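Below is one structure; the comments refer to it alone.
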Amino acid sequence: MPLSSYLSNARRGGGWNNPLLPSTTGKSPSSKLPARKRKRTALINFLLTNFFTIALCLSLLFFILTLFYFGVPKPISSQSKSRPPKKFISRKPITRRSTNDSLQHGAVVDFTTKDLYDKIEFLDKDGGAWKQGWDVTYRGNEWDSEKLKVFVVPHSHNDPGWKLTVEEYYEKQSRFILDTIVESLSKDSRRKFIWEEMSYLERWWRDASEDKRESLTNLVKNGQLEIVGGGWVMNDEANSHYFAIIEQITEGNLWLSDTIGYIPKNSWAIDPFGYSPTMAYLLRRMGFENMLIQRTHYELKKELAWHKNLEYIWRQSWDAEETTDIFVHMMPFYSYDIPHTCGPEPAICCQFDFARVHGFTYELCPWHQHPVETTQENVKERALKLLDQYRKKSTLYRTNTLLVPLGDDFRYISIDEAEAQFRNYQLIFDYINSNPSLNAEAKFGTLDDYFRALREETERINYSRPGEVGSVQVGGFPSLSGDFFTYADRQQDYWSGYYVSRPFFKGVDRVLEQTLRASEMLMALLLGYCQRAQCEKLPTGFTYKLTAARRNLALFQHHDGVTGTAKDHVVRDYGTRMHTSLQDLQIFMSKAIEVLLGIRHEKSDQSPAQFEPEQLRSKYDAQPLHRAVNAREGTAQSVVLFNPLEQMREEVVMVIVNRTDVTVLDSNWTCVQSQVSPEVQHDKSKVFTGRHRIHWKASVPAMGLQTYYIAHGFVGCEKAKPVKLKFFSNSSPIPCPTPYACSKLEGDVAEIRNQHQILTFSLKHGLLQKISHKSGLENTVGEEIGMYSTSESGAYLFKPNGEAQPIIESSGHIVISEGPLMQEVYSYPGTAWEETPISHSTRIYNGGNTIQEFLIEKEYHVELIGQNFNDRELIVRFKTDIDNSRIFYSDLNGFQMSRRETYDKIPLQGNYYPMPSLAVMQGSNGRRFSVHSRQSLGAASLKDGWLEIMLDRRLVRDDGRGLGQGVMDNRVMNVVFHILVESNVSSTSNPVSNSPPLSPSLLSHCVGAHLNYPLHAFIAKKPQEVSVQPPPRSFSPLAASLPCDLHIVNFKVPRPSKYSQQQLEDPRFVLILHRRHWDASYCRKAKSRCTTLADEPVNLFNMFKGLAVLNVRATSLNLLHEDTEMLGYAEQFGDIAQEGLVMIPPMEIQAYKLELRPHQ
């Protein structure tokens, strides 16, 4: 901050009126001196009298010495040597308490998005020329003392896949756009441009000549071209998981830093369909200083604009110490295109889009007032007309610094187009700037030019309002917390459909994410334990495919990828890329486990693997199939399990076998209890596949490997115990498979139970009715499967015709499997259609000391395929007895929870919210009903006690948002939920009140982690003789399990291709940790093996067995900054890392670079 901010407390409105030095009263200072000190008075008086003369001389001397030592400084406009970001300044001393209870008060802000929703009436009033606003006027004297400074920012929005694939767009448009930028900016140093997507820039860089590369690099360094965001894509913020967001930004930022030597500091997100505070947090912890956003609810924009609050400080809801603050500029109007960015009147703004004329391919202005070439004869009239819009727009903001984007989708594709824009605007700028009476200055600028000028203005002029909380980061603006879902762009059209569109690929996204994370871990462990060059062959040989996997995951985070809002052939392209990477990663993991288990030491990337993944995907859009273990008499087949979590894991696991008379053995060839049950399928005429499922309780070390054997003919062990089967059928009888004992279900209800809960089902409909607990508590659940019908929904919009109607008419087939480890109710229900669109299984587990005992597993098999289901949207609804007052909580990006309230003043579809991984209802008595998901979907609580989740949608029509098609490419898929019912063990806050943000319990966090980071199973390709017992094969790299609330987000080698060339003093490994916050009013120990919590420091130096951890450095989440104070972290973060002791406050994510060496 400038000196003036420290001296004047300008944020609070003190200004320069406050004296700079404390005033004195009473006796003179010298009269207070003891006698022996009065001798110094003459010298002191001389110094005081000549203070300014002495200070000036010293300053001049210091200045000369500085010039002599450092040389003449470079101009401040140089982007590559831009001023360093300000240090984090706290309004109060930082006493970052690292206990779980330290977040109980939450953030203090000027307003939350809930406050705005409560206040806005959502009347959709017609505002005239600015349809969603009002008739904007100004007096004319607003710029007398501070002239209007206009930064026109040329840009081109390049979707990495939407109507065309990313490669098609590159070949047809993006490569020419980047060529145009380089050529046109090089002609005139006054021209500026911004670029966002590294996926296209990296592709262009590969094709570009050395001259073009050098030209682009120079444009970046001299500030004409700014890279904004710099992620691989401009990611979606509703469906993307925070792991994938970090990955995609890091992938782009690292490439940019390594290739061009540039690190972005301003984020540009003009097209995601709503915004998450998770993004603000991650950007802040990556060293970003400013954000720009666009697509927020039009009524919310109007409210913010009316009060000049479109620029604000975004603070995390839990942050009481203002360490997460980041400055945000929200664009005020309908779109980011030129008609909606120069001012409030699009008919006028469109006249200044000089590419909307004959000769170019763009749509002409729909208001029938078209652009005309600017000449010396008409420049005055044109300039004043445009300046009028600039002035009107500036009245919506507090400062006299104005941002005017100039671009649209895939613009500046030719030199002629670029010249038309740059030439005409420069003439207008020259006229405005040559007329001082206009009190305005206009020029091309970058986002950084704008934010620099804005901050400079706010350092001179205090724009704070009386009583405003604001922020110490940037004075003069209000502070806000909350998220911006659900987005509506016009006429109560809510974009809640994309939370669920193409759910199959939303599921594949998460599978790729957790497979990539597991592969990164295995590569890091391989290289960490490697002591000679030969064992580097496998990981370094896989580098190219690992990079491709990172980039394919990153690409799908694009706001038309994971959202499910692209053309069919583009979806196929995304899916094929993800499928290819999944196969590559699984092959690598299959080989890596051999090396880590000591089966083969000198493995290379070319040699075949002895293991194969237990799940097989035959093509990009096929459901995964389980490989069957086929153990012949006298043989055993190895099954290796990898645990990607940071805690030791005990879990009931399942593999498919072709026969039932088998035995499970652990790596010591000790007998393991197991059960066997028939595999079921979605087939009305044939419920059983003929294969069998074997379950047993496995124990796998943290981040480690464990081996089990499925043996046939092993003497001395009990064979897997067959389950008891119970049938109910409204149609043809179900044949009893061998060797199971079968019986018929009688009565109205059926039950399954374990030691903690009893589940009651209706035999009439095959649906869950009630959950009874060991404590005697009962919860009505009332599972219901229904459908919305629609005539207007599309890929983006959800616009139902009324409420969802139940579709289950009868129970159809019910099969209950009862065994010692797993009990299941499978239902193939009867509906109005011959081929029912859904069947489902409900499972509970017995294992003793497992997380699974406390949850209910729901698996829905969905086939929304065929014309019968056109314009239908499928939901599951839980109608509970929890009095939640239509308030529920859903997660944001798997990172934090957000309160959701159903409002009568907005339509049903506006009360649907993203559910990336968790939805929670809480009653007034503290009882919670939580649904964990392993993929992103949409959820709502439309009536008291109800929680509904949409599973799939099939839509014939386009919804008018540019895609030009419906969503008809549905795939067969399975959706898995883990349901948890909890009672608080101590007092809890009333969720209806404005309490701090809700956090899951420790048990709930563990349930979510087990669902989203499952065990990876690998099966040996060849069986072995049971007569030859190999040595025990397991791998346990951690010295101990990490605390239960500490999660390893990633453990990887960020630059594997440079691993051997990197200097040893430059750490080659990265560890990213997240401290989860949990609600202490629920069971603290997660009812499991949870023995430690992160309230105590974790020593990184002692984290691994047999590995020395060296040279630990704290770093930003994109791995490019090591000044941790600049990132908003407390000072201790960097210091602690040097000692190896990690103390992470709840909710924080922290990254560390480190080096690993095997102990000699």
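Ligands are numbered from 1 in the order shown, residues from 1 within each chain, and chains are lettered A, B, ... in the order they appear in the structure tokens.
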Selection near Leu201 in chain A, 12 Å with only C-alpha atoms, sequence-local residues under 6 positions removed, as a ChimeraX atom specification | /A:158,160,166,170,174-179,181-182,195,207-208,213,216-217,227,230-233,252-253,255-256,259-260
Export, as a PDB file, in the first residue's frame, the selected residues with C-alpha atoms.
ATOM      1  CA  ASN A 158     -11.673 -18.882 -28.220  1.00  0.00           C
ATOM      2  CA  PRO A 160     -11.421 -25.024 -26.840  1.00  0.00           C
ATOM      3  CA  VAL A 166     -10.499 -27.843 -30.322  1.00  0.00           C
ATOM      4  CA  TYR A 170      -7.488 -24.193 -34.240  1.00  0.00           C
ATOM      5  CA  SER A 174      -7.556 -19.732 -33.712  1.00  0.00           C
ATOM      6  CA  ARG A 175      -4.236 -20.099 -35.555  1.00  0.00           C
ATOM      7  CA  PHE A 176      -5.166 -17.185 -37.832  1.00  0.00           C
ATOM      8  CA  ILE A 177      -6.334 -15.097 -34.877  1.00  0.00           C
ATOM      9  CA  LEU A 178      -2.975 -15.491 -33.139  1.00  0.00           C
ATOM     10  CA  ASP A 179      -1.139 -14.711 -36.379  1.00  0.00           C
ATOM     11  CA  ILE A 181      -2.570 -10.463 -33.185  1.00  0.00           C
ATOM     12  CA  VAL A 182       1.180 -10.727 -33.674  1.00  0.00           C
ATOM     13  CA  TRP A 195      -5.319 -13.716 -24.621  1.00  0.00           C
ATOM     14  CA  ASP A 207       3.519 -24.489 -35.528  1.00  0.00           C
ATOM     15  CA  ALA A 208       4.931 -20.959 -35.388  1.00  0.00           C
ATOM     16  CA  ARG A 213       7.557 -16.803 -31.533  1.00  0.00           C
ATOM     17  CA  LEU A 216       4.838 -12.728 -29.620  1.00  0.00           C
ATOM     18  CA  THR A 217       7.314 -12.944 -26.736  1.00  0.00           C
ATOM     19  CA  ILE A 227      -1.851 -13.262 -21.040  1.00  0.00           C
ATOM     20  CA  GLY A 230      -3.257 -18.364 -18.515  1.00  0.00           C
ATOM     21  CA  GLY A 231      -4.952 -21.642 -17.692  1.00  0.00           C
ATOM     22  CA  TRP A 232      -5.170 -24.424 -20.242  1.00  0.00           C
ATOM     23  CA  VAL A 233      -8.823 -23.360 -20.638  1.00  0.00           C
ATOM     24  CA  GLY A 252      -1.244 -23.549 -18.554  1.00  0.00           C
ATOM     25  CA  ASN A 253       0.726 -21.314 -16.177  1.00  0.00           C
ATOM     26  CA  TRP A 255       3.865 -23.919 -19.852  1.00  0.00           C
ATOM     27  CA  LEU A 256       3.626 -20.145 -20.141  1.00  0.00           C
ATOM     28  CA  THR A 259       8.151 -21.081 -22.619  1.00  0.00           C
ATOM     29  CA  ILE A 260       7.706 -17.304 -22.561  1.00  0.00           C
TER      30      ILE A 260
END
Check range 317-442 of chain A with DSSP on the backbone and list each residue it calls alpha helix (DSSP H), as a ChimeraX atom specification.
-> /A:346-349,379-394,415-433
Pull the strand (DSSP E) assignments for range 586-650 of chain A out of DSSP run on the backbone, and list those residues as a JSON list (two decimals) with C-alpha atoms, in the first residue's frame.
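The resulting file, states_9.json, is reproduced below:
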[["chain", "number", "residue", "atom", "x", "y", "z"],
["A", 611, "PHE", "CA", -1.16, -56.98, -14.26],
["A", 612, "GLU", "CA", -4.20, -55.41, -15.84],
["A", 613, "PRO", "CA", -6.81, -53.07, -14.32],
["A", 615, "GLN", "CA", -12.14, -52.48, -14.69],
["A", 616, "LEU", "CA", -12.12, -52.42, -18.48],
["A", 625, "LEU", "CA", -16.87, -53.78, -17.19],
["A", 626, "HIS", "CA", -15.35, -55.84, -14.42],
["A", 628, "ALA", "CA", -13.50, -61.79, -14.11],
["A", 629, "VAL", "CA", -10.96, -63.78, -12.11],
["A", 635, "THR", "CA", -4.23, -72.04, -8.97],
["A", 636, "ALA", "CA", -4.55, -68.60, -7.44],
["A", 637, "GLN", "CA", -4.86, -65.22, -9.10],
["A", 638, "SER", "CA", -3.23, -62.13, -7.56],
["A", 639, "VAL", "CA", -5.30, -59.03, -6.90],
["A", 640, "VAL", "CA", -3.27, -55.90, -6.03],
["A", 641, "LEU", "CA", -5.02, -52.95, -4.41],
["A", 642, "PHE", "CA", -3.62, -49.40, -4.45],
["A", 649, "ARG", "CA", -7.87, -48.03, 4.68],
["A", 650, "GLU", "CA", -10.05, -50.94, 5.78]]
Between A:Cys1083, A:Ile979, A:Leu516, A:Leu908, single out the one closest to Gln492 in chain A, counting only C-alpha atoms.
->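 Ranked by minimum distance to Gln492 in chain A, first place goes to A:Leu908.
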Check which residues of range 720-750 of chain A sit at most 10 Å from range 811-818 of chain A using only C-alpha atoms, and return one row each with the closest pair of atoms and their distance in Å to one decimal, ordered by chain and rising number, as JSON lines.
{"residue": "A:Pro722", "atom": "CA", "partner": "A:Glu818", "partner_atom": "CA", "distance": 8.9}
{"residue": "A:Val723", "atom": "CA", "partner": "A:Glu818", "partner_atom": "CA", "distance": 5.2}
{"residue": "A:Lys724", "atom": "CA", "partner": "A:Glu818", "partner_atom": "CA", "distance": 5.1}
{"residue": "A:Leu725", "atom": "CA", "partner": "A:Ser817", "partner_atom": "CA", "distance": 4.9}
{"residue": "A:Lys726", "atom": "CA", "partner": "A:Ile816", "partner_atom": "CA", "distance": 5.0}
{"residue": "A:Phe727", "atom": "CA", "partner": "A:Val815", "partner_atom": "CA", "distance": 4.8}
{"residue": "A:Phe728", "atom": "CA", "partner": "A:Ile814", "partner_atom": "CA", "distance": 4.9}
{"residue": "A:Ser729", "atom": "CA", "partner": "A:His813", "partner_atom": "CA", "distance": 4.5}
{"residue": "A:Asn730", "atom": "CA", "partner": "A:Gly812", "partner_atom": "CA", "distance": 5.3}
{"residue": "A:Ser731", "atom": "CA", "partner": "A:Gly812", "partner_atom": "CA", "distance": 6.9}
{"residue": "A:Ser732", "atom": "CA", "partner": "A:His813", "partner_atom": "CA", "distance": 8.9}
{"residue": "A:Pro733", "atom": "CA", "partner": "A:His813", "partner_atom": "CA", "distance": 8.8}
{"residue": "A:Ile734", "atom": "CA", "partner": "A:His813", "partner_atom": "CA", "distance": 8.0}
{"residue": "A:Tyr740", "atom": "CA", "partner": "A:Ser817", "partner_atom": "CA", "distance": 9.9}
{"residue": "A:Cys742", "atom": "CA", "partner": "A:Ser817", "partner_atom": "CA", "distance": 9.5}
{"residue": "A:Ser743", "atom": "CA", "partner": "A:Ile816", "partner_atom": "CA", "distance": 9.8}
{"residue": "A:Lys744", "atom": "CA", "partner": "A:Val815", "partner_atom": "CA", "distance": 9.5}
{"residue": "A:Leu745", "atom": "CA", "partner": "A:Ile814", "partner_atom": "CA", "distance": 8.8}
{"residue": "A:Ala750", "atom": "CA", "partner": "A:Ile816", "partner_atom": "CA", "distance": 8.8}
Using only C-alpha atoms, determine which residues lie at most 9 Å from range 359-369 of chain A, disregarding the query and same-chain residues fewer than 6 positions distant; provide the list as a CSV table (one decimal) with N, CA, C and O atoms, in the first residue's frame.
chain,number,residue,atom,x,y,z
A,339,PRO,N,-21.7,-5.0,-28.7
A,339,PRO,CA,-22.9,-4.3,-28.4
A,339,PRO,C,-23.2,-4.1,-26.9
A,339,PRO,O,-24.0,-3.2,-26.6
A,346,PRO,N,-27.2,-1.0,-26.4
A,346,PRO,CA,-26.5,-1.9,-27.4
A,346,PRO,C,-26.7,-1.4,-28.8
A,346,PRO,O,-25.8,-1.7,-29.7
A,347,ALA,N,-27.8,-0.8,-29.2
A,347,ALA,CA,-28.0,-0.3,-30.5
A,347,ALA,C,-26.9,0.7,-30.9
A,347,ALA,O,-26.5,0.8,-32.1
A,348,ILE,N,-26.5,1.5,-30.0
A,348,ILE,CA,-25.4,2.4,-30.3
A,348,ILE,C,-24.0,1.7,-30.2
A,348,ILE,O,-23.2,1.9,-31.1
A,350,CYS,N,-23.3,-1.2,-30.9
A,350,CYS,CA,-23.1,-2.1,-32.1
A,350,CYS,C,-22.6,-1.3,-33.3
A,350,CYS,O,-21.9,-1.8,-34.2
A,351,GLN,N,-22.8,0.0,-33.3
A,351,GLN,CA,-22.3,0.8,-34.4
A,351,GLN,C,-20.8,1.0,-34.4
A,351,GLN,O,-20.2,1.5,-35.3
A,353,ASP,N,-18.8,-1.6,-33.6
A,353,ASP,CA,-18.2,-2.9,-33.9
A,353,ASP,C,-17.9,-2.9,-35.4
A,353,ASP,O,-18.8,-3.3,-36.2
A,416,ASP,N,-7.4,-7.7,-42.0
A,416,ASP,CA,-8.4,-6.7,-42.4
A,416,ASP,C,-9.4,-6.4,-41.3
A,416,ASP,O,-9.7,-5.2,-41.0
A,417,GLU,N,-9.8,-7.4,-40.6
A,417,GLU,CA,-10.7,-7.2,-39.4
A,417,GLU,C,-10.1,-6.4,-38.3
A,417,GLU,O,-10.6,-5.4,-37.8
Per-residue nearest contacts of range 1055-1132 of chain A to range 302-321 of chain A (12 Å; only C-alpha atoms) as a Markdown table:
| residue | atom | partner | partner_atom | distance |
| --- | --- | --- | --- | --- |
| A:His1077 | CA | A:Trp318 | CA | 9.9 |
| A:Gly1128 | CA | A:Glu321 | CA | 10.1 |
| A:Tyr1129 | CA | A:Glu321 | CA | 10.5 |
| A:Ala1130 | CA | A:Glu321 | CA | 10.0 |
Just the selected residues (C-alpha atoms), exported as a short mmCIF file (atom, residue, chain, number, x, y, z; two decimals), in the first residue's frame, please.
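New file result-v7.cif:
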data_model
loop_
_atom_site.label_atom_id
_atom_site.label_comp_id
_atom_site.auth_asym_id
_atom_site.auth_seq_id
_atom_site.Cartn_x
_atom_site.Cartn_y
_atom_site.Cartn_z
CA HIS A 1077 -12.75 -28.18 8.20
CA GLY A 1128 -2.22 -14.06 1.45
CA TYR A 1129 -0.81 -16.80 3.66
CA ALA A 1130 0.31 -16.10 7.20
#
With a distance cut-off of 10 Å and only C-alpha atoms, select the neighbouring residues of range 1015-1027 of chain A, excluding the residue or stretch itself and same-chain residues fewer than 4 positions from it, and output the selection as a ChimeraX atom specification.
-> /A:514-515,518,586,589-590,593,609-615,627-645,649,651,653-655,669,700,705-715,1010-1011
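If you look at CA of Lys619 in chain A and CA of Thr547 in chain A, they are 21.4 Å away from each other.
Between CA of Gln769 in chain A and CA of Phe878 in chain A there is a distance of 9.3 Å.
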Do you have, as JSON lines, the list of residues of range 1115-1145 of chain A lying at most 12 Å from range 1035-1048 of chain A, each with its nearest atom pair and that distance in Å to one decimal, counting only C-alpha atoms and ordered by chain then number?
{"residue": "A:Val1142", "atom": "CA", "partner": "A:Leu1046", "partner_atom": "CA", "distance": 10.7}
{"residue": "A:Met1143", "atom": "CA", "partner": "A:Leu1046", "partner_atom": "CA", "distance": 10.3}
{"residue": "A:Ile1144", "atom": "CA", "partner": "A:Leu1046", "partner_atom": "CA", "distance": 8.7}
{"residue": "A:Pro1145", "atom": "CA", "partner": "A:Leu1046", "partner_atom": "CA", "distance": 10.3}
May I have the residues within 6 Å of range 523-533 of chain A as number ranges by chain, using only C-alpha atoms and disregarding those fewer than 5 positions away in the same chain?
-> A: 539, 1052-1053, 1156, 1158
